[in-house]
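For reference, run_15.tsv (TSV, C-alpha atoms and all ligand atoms):
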```
chain	number	residue	atom	x	y	z
A	114	MET	CA	0.00	0.00	0.00
A	115	MET	CA	1.23	3.47	-0.82
A	116	GLU	CA	1.93	5.94	1.99
A	117	LEU	CA	1.48	9.60	1.08
A	118	VAL	CA	3.57	11.90	3.25
A	119	THR	CA	2.17	15.44	3.55
A	120	LEU	CA	2.49	18.46	5.82
A	121	PRO	CA	0.47	18.32	9.06
A	122	PRO	CA	-2.87	20.19	9.17
A	123	ALA	CA	-2.61	23.98	9.49
A	124	PHE	CA	-4.63	27.16	8.88
A	125	GLY	CA	-7.94	25.28	9.16
A	126	MET	CA	-6.85	22.86	6.48
A	127	ARG	CA	-6.49	19.11	6.80
A	128	ASN	CA	-4.12	19.02	3.84
A	129	VAL	CA	-2.48	22.41	3.54
A	130	SER	CA	-0.18	21.66	0.62
A	131	PRO	CA	-1.75	21.89	-2.85
A	132	PHE	CA	0.82	19.45	-4.21
A	133	CYS	CA	-0.04	16.87	-1.53
A	134	LEU	CA	-3.77	17.43	-1.98
A	135	LYS	CA	-3.49	16.87	-5.72
A	136	VAL	CA	-1.82	13.49	-5.17
A	137	GLU	CA	-4.39	12.53	-2.55
A	138	MET	CA	-7.21	13.38	-4.97
A	139	LEU	CA	-5.60	11.31	-7.70
A	140	LEU	CA	-5.10	8.28	-5.45
A	141	ALA	CA	-8.76	8.48	-4.43
A	142	ALA	CA	-9.92	8.86	-8.03
A	143	LEU	CA	-7.86	5.84	-9.09
A	144	GLU	CA	-9.36	3.92	-6.15
A	145	LEU	CA	-5.92	2.84	-5.01
A	146	PRO	CA	-5.40	1.91	-1.37
A	147	TYR	CA	-3.25	4.47	0.44
A	148	THR	CA	-2.53	5.90	3.85
A	149	VAL	CA	-1.66	9.49	4.69
A	150	SER	CA	1.00	10.44	7.20
A	151	SER	CA	2.56	13.78	7.99
A	152	GLU	CA	6.05	15.22	8.25
A	153	LYS	CA	6.35	18.63	9.85
A	154	ASP	CA	9.90	19.19	8.65
A	155	PRO	CA	10.13	19.17	4.82
A	156	ARG	CA	13.95	19.00	5.10
A	157	LYS	CA	13.48	15.32	5.98
A	158	ALA	CA	11.84	14.63	2.62
A	159	PRO	CA	14.10	13.17	-0.12
A	160	LYS	CA	14.17	16.47	-2.01
A	161	GLY	CA	13.42	18.77	0.90
A	162	LYS	CA	9.82	19.28	-0.19
A	163	LEU	CA	6.51	17.51	0.32
A	164	PRO	CA	4.85	15.39	-0.86
A	165	PHE	CA	6.70	12.15	-1.25
A	166	VAL	CA	5.25	8.67	-1.29
A	167	ILE	CA	6.63	5.44	0.09
A	168	VAL	CA	5.87	2.38	-1.97
A	169	ASP	CA	7.50	-1.03	-1.53
A	170	GLY	CA	10.11	0.65	0.68
A	171	LYS	CA	11.01	3.12	-2.09
A	172	ARG	CA	10.53	6.88	-1.66
A	173	ILE	CA	9.32	8.90	-4.65
A	174	ALA	CA	9.42	12.67	-4.25
A	175	ASP	CA	7.64	15.43	-6.19
A	176	SER	CA	3.95	15.39	-7.00
A	177	GLU	CA	4.50	15.40	-10.75
A	178	LEU	CA	6.89	12.45	-10.57
A	179	ILE	CA	4.38	10.64	-8.35
A	180	VAL	CA	1.70	11.29	-10.99
A	181	GLU	CA	4.02	9.84	-13.66
A	182	TYR	CA	4.69	6.81	-11.46
A	183	LEU	CA	0.95	6.27	-10.95
A	184	ASP	CA	0.34	6.54	-14.68
A	185	GLU	CA	3.01	3.94	-15.42
A	186	THR	CA	1.90	1.51	-12.73
A	187	THR	CA	-1.79	1.68	-13.66
A	188	GLY	CA	-1.21	1.05	-17.35
A	189	GLY	CA	-1.83	4.67	-18.35
A	190	LYS	CA	-5.01	5.32	-16.36
A	191	VAL	CA	-3.97	8.81	-15.24
A	192	PHE	CA	-3.94	10.35	-18.71
A	193	ALA	CA	-6.34	7.90	-20.37
A	194	GLY	CA	-8.67	9.52	-22.87
A	195	LEU	CA	-6.83	12.84	-23.01
A	196	SER	CA	-5.84	14.09	-26.45
A	197	PRO	CA	-2.39	15.64	-26.98
A	198	GLN	CA	-4.11	19.06	-27.13
A	199	GLN	CA	-5.88	18.46	-23.82
A	200	LYS	CA	-2.68	17.24	-22.23
A	201	GLY	CA	-0.89	20.30	-23.57
A	202	SER	CA	-3.49	22.66	-22.13
A	203	GLY	CA	-3.52	20.73	-18.85
A	204	VAL	CA	0.24	20.95	-18.43
A	205	ALA	CA	0.23	24.67	-19.30
A	206	LEU	CA	-2.53	25.41	-16.77
A	207	SER	CA	-0.74	23.33	-14.16
A	208	ARG	CA	2.44	25.32	-14.67
A	209	LEU	CA	0.44	28.53	-14.26
A	210	ALA	CA	-1.10	27.26	-11.02
A	211	GLU	CA	1.94	25.55	-9.53
A	212	ASP	CA	4.84	27.69	-10.70
A	213	HIS	CA	3.28	31.14	-10.65
A	214	LEU	CA	0.02	31.47	-8.72
A	215	TYR	CA	1.46	29.20	-6.02
A	216	TRP	CA	4.27	31.64	-5.31
A	217	LEU	CA	1.83	34.50	-4.92
A	218	MET	CA	-0.10	32.36	-2.43
A	219	VAL	CA	3.13	31.54	-0.59
A	220	ALA	CA	4.05	35.23	-0.41
A	221	SER	CA	0.59	36.14	0.84
A	222	ARG	CA	1.09	33.72	3.72
A	223	TRP	CA	4.78	34.13	4.52
A	224	LEU	CA	5.71	37.65	3.60
A	225	ASP	CA	2.70	39.63	4.80
A	226	ASP	CA	3.58	40.88	8.29
A	227	ALA	CA	-0.07	40.70	9.34
A	228	TRP	CA	-0.33	37.01	8.33
A	229	TRP	CA	3.09	35.97	9.56
A	230	PRO	CA	2.01	34.93	13.10
A	231	ASN	CA	-0.20	32.26	11.49
A	232	ILE	CA	2.89	30.79	9.82
A	233	VAL	CA	4.79	30.72	13.10
A	234	ASP	CA	1.91	28.90	14.84
A	235	GLY	CA	0.87	26.70	11.92
A	236	PHE	CA	4.25	25.55	10.64
A	237	PHE	CA	6.63	26.03	13.56
A	238	GLY	CA	4.50	25.13	16.57
A	239	PHE	CA	6.64	22.01	17.02
A	240	VAL	CA	9.82	24.04	17.60
A	241	PRO	CA	10.48	24.69	21.32
A	242	GLY	CA	9.28	28.15	22.41
A	243	VAL	CA	12.63	29.92	22.75
A	244	LEU	CA	13.83	28.80	19.33
A	245	ARG	CA	10.55	29.06	17.45
A	246	GLY	CA	10.79	32.69	16.34
A	247	PHE	CA	14.41	32.28	15.31
A	248	VAL	CA	13.87	29.11	13.24
A	249	ALA	CA	10.72	30.54	11.65
A	250	GLY	CA	12.56	33.78	10.85
A	251	LEU	CA	15.36	31.88	9.08
A	252	ALA	CA	12.81	30.00	6.98
A	253	ARG	CA	11.06	33.29	6.16
A	254	LYS	CA	14.31	34.75	4.87
A	255	GLN	CA	14.71	31.71	2.62
A	256	VAL	CA	11.17	32.15	1.25
A	257	ALA	CA	11.81	35.86	0.61
A	258	LYS	CA	15.04	35.00	-1.22
A	259	THR	CA	13.33	32.35	-3.36
A	260	TYR	CA	10.45	34.72	-4.16
A	261	ASN	CA	12.97	37.33	-5.21
A	262	LEU	CA	14.88	34.87	-7.40
A	263	HIS	CA	11.60	33.81	-9.00
A	264	GLY	CA	11.14	37.44	-9.93
A	265	LEU	CA	7.72	38.03	-8.40
A	266	GLY	CA	9.34	39.29	-5.23
A	267	ARG	CA	10.79	42.27	-7.11
A	268	HIS	CA	7.37	43.80	-7.69
A	269	THR	CA	5.35	46.10	-5.47
A	270	LEU	CA	2.44	44.52	-3.63
A	271	GLU	CA	0.01	46.23	-6.01
A	272	GLU	CA	1.86	44.74	-8.97
A	273	GLN	CA	1.85	41.29	-7.32
A	274	LYS	CA	-1.90	41.63	-6.91
A	275	GLY	CA	-2.15	42.38	-10.63
A	276	PHE	CA	-0.24	39.17	-11.42
A	277	ALA	CA	-2.62	37.20	-9.16
A	278	ARG	CA	-5.64	38.69	-10.91
A	279	ARG	CA	-4.30	37.82	-14.35
A	280	ASP	CA	-3.60	34.23	-13.22
A	281	LEU	CA	-7.11	33.91	-11.82
A	282	ASP	CA	-8.61	35.53	-14.95
A	283	ALA	CA	-6.78	32.93	-17.04
A	284	LEU	CA	-8.01	30.06	-14.89
A	285	GLN	CA	-11.55	31.43	-14.94
A	286	GLY	CA	-11.38	31.60	-18.72
A	287	ALA	CA	-10.11	28.03	-18.94
A	288	ILE	CA	-12.45	26.16	-16.62
A	289	PRO	CA	-16.00	25.25	-17.66
A	290	MET	CA	-19.01	26.65	-15.79
A	291	GLN	CA	-20.20	23.09	-15.24
A	292	GLY	CA	-18.37	19.81	-15.13
A	293	PHE	CA	-14.62	19.58	-15.53
A	294	LEU	CA	-11.81	20.58	-17.86
A	295	PHE	CA	-11.84	17.80	-20.41
A	296	SER	CA	-14.54	15.24	-19.65
A	297	GLU	CA	-17.47	14.37	-17.43
A	298	GLN	CA	-15.16	13.22	-14.68
A	299	PRO	CA	-12.30	15.30	-13.22
A	300	CYS	CA	-8.81	14.39	-14.39
A	301	VAL	CA	-5.38	14.99	-12.87
A	302	PHE	CA	-5.31	18.54	-14.25
A	303	ASP	CA	-8.59	19.35	-12.48
A	304	PHE	CA	-7.01	18.02	-9.28
A	305	THR	CA	-3.97	20.24	-9.76
A	306	ILE	CA	-5.99	23.41	-10.24
A	307	ALA	CA	-8.67	22.62	-7.65
A	308	ALA	CA	-6.06	21.74	-5.02
A	309	MET	CA	-4.34	25.09	-5.57
A	310	LEU	CA	-7.64	26.96	-5.39
A	311	ALA	CA	-8.65	25.05	-2.23
A	312	GLY	CA	-5.47	26.25	-0.55
A	313	ILE	CA	-6.31	29.81	-1.54
A	314	TYR	CA	-10.01	29.77	-0.61
A	315	ASP	CA	-9.90	27.65	2.52
A	316	ASN	CA	-6.84	28.81	4.41
A	317	GLN	CA	-7.83	30.59	7.60
A	318	PRO	CA	-7.65	33.51	7.99
A	319	ALA	CA	-7.92	34.86	4.45
A	320	THR	CA	-4.75	36.18	2.81
A	321	TRP	CA	-4.60	38.98	0.25
A	322	VAL	CA	-4.70	36.32	-2.49
A	323	THR	CA	-7.88	34.88	-0.92
A	324	ASP	CA	-9.41	38.36	-0.96
A	325	ILE	CA	-8.71	38.66	-4.68
A	326	ALA	CA	-9.88	35.10	-5.40
A	327	ASN	CA	-13.19	35.88	-3.69
A	328	ASP	CA	-13.96	38.04	-6.74
A	329	TYR	CA	-14.03	34.78	-8.77
A	330	PRO	CA	-17.01	32.77	-7.45
A	331	ASP	CA	-16.92	30.45	-10.49
A	332	LEU	CA	-13.43	29.33	-9.51
A	333	ARG	CA	-14.57	28.63	-5.97
A	334	ALA	CA	-17.56	26.64	-7.28
A	335	TYR	CA	-15.23	24.66	-9.55
A	336	ALA	CA	-12.84	23.85	-6.69
A	337	GLU	CA	-15.81	22.69	-4.60
A	338	ARG	CA	-17.15	20.59	-7.48
A	339	VAL	CA	-13.85	18.79	-7.97
A	340	GLN	CA	-13.38	18.14	-4.25
A	341	GLU	CA	-16.94	16.89	-3.87
A	342	THR	CA	-16.76	14.60	-6.90
A	343	VAL	CA	-13.58	12.92	-5.72
A	344	GLY	CA	-14.58	13.01	-2.02
A	345	VAL	CA	-11.32	14.61	-0.88
A	346	TRP	CA	-11.29	18.10	0.64
A	347	GLY	CA	-8.37	20.27	1.63
A	348	ARG	CA	-10.17	21.83	4.54
A	349	LYS	CA	-11.01	20.05	7.80
A	401	LIG	N1	7.42	20.56	-7.31
A	401	LIG	C1	7.07	20.08	-5.99
A	401	LIG	C2	6.68	21.23	-5.09
A	401	LIG	C3	6.38	20.79	-3.67
A	401	LIG	C4	6.38	21.95	-2.68
A	401	LIG	O1	6.74	23.08	-3.02
A	401	LIG	N2	5.99	21.63	-1.45
A	401	LIG	C5	6.03	22.61	-0.38
A	401	LIG	C6	4.79	22.49	0.49
A	401	LIG	S1	3.38	23.09	-0.37
A	401	LIG	C7	7.22	22.33	0.50
A	401	LIG	O2	7.46	21.21	0.88
A	401	LIG	N3	7.97	23.39	0.82
A	401	LIG	C8	9.06	23.30	1.76
A	401	LIG	C9	10.29	24.00	1.29
A	401	LIG	O3	10.33	24.44	0.12
A	401	LIG	O4	11.20	24.10	2.09
A	401	LIG	C10	5.94	19.06	-6.13
A	401	LIG	O5	5.18	19.12	-7.10
A	401	LIG	O6	5.85	18.16	-5.28
```
Exercise: express the given structure as structure tokens:
Amino acid sequence: MMELVTLPPAFGMRNVSPFCLKVEMLLAALELPYTVSSEKDPRKAPKGKLPFVIVDGKRIADSELIVEYLDETTGGKVFAGLSPQQKGSGVALSRLAEDHLYWLMVASRWLDDAWWPNIVDGFFGFVPGVLRGFVAGLARKQVAKTYNLHGLGRHTLEEQKGFARRDLDALQGAIPMQGFLFSEQPCVFDFTIAAMLAGIYDNQPATWVTDIANDYPDLRAYAERVQETVGVWGRK
């Protein structure tokens, strides 16, 4: 049986990582037996990030590589029925969600001074009191550096908000008003986008990205539809 290793619950969410939630949704949709465990320190993961899965004693890290593994081991079930055009659009939308919108969500949690105490409690509660602020502060510096290297961190907050709006506009334009991206059932690309949106809509309290996303009720409805269909929710 596969073990999915995710972050522990935080910010009112059972599964706070969109990458972990995507894999969980896919495992449920494929009706594969799995267990979920948590690791509070991502540095202990094979590539320093979550999720990873443990299968037959082997650890596979990175949600996309896990998806590839699941496709191979189920005889192509993950991408079954998707045309090359649909796969192309799905990968492009996933990159938008996971490599761009994600970083805006991360910044809205980690780099907003008003939200920062939630990070300290939610992610660093396990660190003994005297060290907690110090360890959390070091991690925050790392996030700020990564955000800057990405490029998004070089913009004013107003400009970052503009980038978030354009990402959400693009997603809103791409998703259908009913049903799912490419067929009557959600596919892995629906899981990718819905998991990212769940993290934005359901984290408590709202971040500035949540506030912007609240202007897109169709995206919220879509994220709910995907979670309900597969029976896996990010929130508690
Ligand atoms: N490309 C990776 C991204 C995973 C990722 O960024 N996970 C975050 C949690 S949402 C993480 O573990 N961050 C810890 C860190 O970067 O130190 C995947 O698809 O699995």
May I have a table of the residues of chain A lying at most 7 Å from ligand LIG 401 (chain A), giving each one's closest pair of atoms and their distance in Å to one decimal, counting all atoms listed in the file, ordered by chain and ascending residue number, as a tab-separated table?
```
residue	atom	partner	partner_atom	distance
A:Ser130	CA	A:LIG401	S1	4.0
A:Pro131	CA	A:LIG401	S1	5.8
A:Phe132	CA	A:LIG401	O5	5.2
A:Pro155	CA	A:LIG401	O2	5.2
A:Arg156	CA	A:LIG401	O4	6.5
A:Gly161	CA	A:LIG401	O4	5.9
A:Lys162	CA	A:LIG401	O2	3.2
A:Leu163	CA	A:LIG401	O2	3.9
A:Pro164	CA	A:LIG401	O6	5.3
A:Ala174	CA	A:LIG401	O6	6.6
A:Asp175	CA	A:LIG401	O6	3.4
A:Ser176	CA	A:LIG401	O6	3.8
A:Glu177	CA	A:LIG401	O5	5.3
```
Exercise: Thr323 of chain A partners within 8 Å, only C-alpha atoms, chain neighbours under 3 positions left out, as JSON, numbers by chain = {"A": [313, 314, 319, 320, 326, 327]}
Take the selection from the previous step and output its residues with C-alpha atoms, as a PDB file, keeping the file's coordinate frame.
```pdb
ATOM      1  CA  ILE A 313      -6.310  29.810  -1.540  1.00  0.00           C
ATOM      2  CA  TYR A 314     -10.010  29.770  -0.610  1.00  0.00           C
ATOM      3  CA  ALA A 319      -7.920  34.860   4.450  1.00  0.00           C
ATOM      4  CA  THR A 320      -4.750  36.180   2.810  1.00  0.00           C
ATOM      5  CA  ALA A 326      -9.880  35.100  -5.400  1.00  0.00           C
ATOM      6  CA  ASN A 327     -13.190  35.880  -3.690  1.00  0.00           C
TER       7      ASN A 327
END
```
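Comparing A:Glu116, A:Arg278, A:Met126, A:Asp315 by their smallest distance to Leu214 of chain A, the closest is A:Arg278 (using all atoms listed in the file).
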In Å, how far is it from atom CA of Ile232 of chain A to atom CA of Gln273 of chain A?
-> 20.1 Å
Select, from A:Gly188, A:Phe236, A:Leu140, A:Leu332, the residue with the minimum atom-to-atom distance to Asp154 of chain A, counting only C-alpha atoms.
-> A:Phe236
Calculate how many Å separate atom CA of Phe304 of chain A from atom CA of Ala193 of chain A, rounding to one decimal.
-> 15.0 Å
In terms of the shortest atom-to-atom distance over only C-alpha atoms, which of A:Phe237, A:Trp228, A:Phe293, A:Tyr147 is closest to Ile306 of chain A?
->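 Checking each candidate against Ile306 of chain A, we get A:Phe293 as the closest.
Counting only C-alpha atoms and comparing A:Val243, A:Leu265, A:Leu224, A:Leu206, the residue that lies closest to Asp282 of chain A is A:Leu206.
Taking all atoms listed in the file, the non-local environment of Arg338 of chain A within 12 Å (same-chain residues fewer than 5 positions away omitted) comprises Ile288, Pro289, Met290, Gln291, Gly292, Phe293, Leu294, Glu297, Gln298, Pro299, Asp303, Phe304, Ile306, Ala307, Ala308, Leu310, Ala311, Asp331, Leu332, Arg333, Val343, Gly344, Val345 and Trp346 of chain A.
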Could you give me, as a ChimeraX atom specification, the residues within 8 Å of Glu152 of chain A, counting all atoms listed in the file and dropping anything in the same chain fewer than 3 positions from it?
-> /A:118-121,155,157
For Gly125 of chain A, the nearest of the candidates A:Phe239, A:Gly275, A:Thr186, A:Arg348, counting all atoms listed in the file =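 Of all the options, A:Arg348 lies closest to Gly125 of chain A.
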In Å, rounded to a single decimal, give me how far atom CA of Ile173 of chain A is from atom CA of Tyr215 of chain A.
->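 So the answer is 21.8 Å.
Residue nearest Leu209 of chain A within the list A:Phe276, A:Tyr329, A:Phe295, A:Phe124: A:Phe276 [criterion: smallest interatomic distance, only C-alpha atoms].
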Near Gly235 of chain A, within 12 Å and counting all atoms listed in the file, which residues show up once chain neighbours fewer than 5 positions away are dropped, as a list in words?
->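 Residues near the query, excluding close chain neighbours: Leu120, Pro121, Pro122, Ala123, Phe124, Gly125, Met126, Arg127, Val129, Lys153, Arg222, Trp223, Trp228, Trp229, Pro230, Val240, Arg245, Ala249, Asn316, Gln317 and Pro318 of chain A.
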Edge lengths and centre in Å to one decimal, as AutoDock Vina command-line options, is what I'm after for the box along x, y and z that holds all listed atoms of segment 221-234 of chain A once 8 Å is added on each side.
```
--center_x 2.7 --center_y 34.9 --center_z 7.8 --size_x 22.0 --size_y 28.0 --size_z 30.0
```
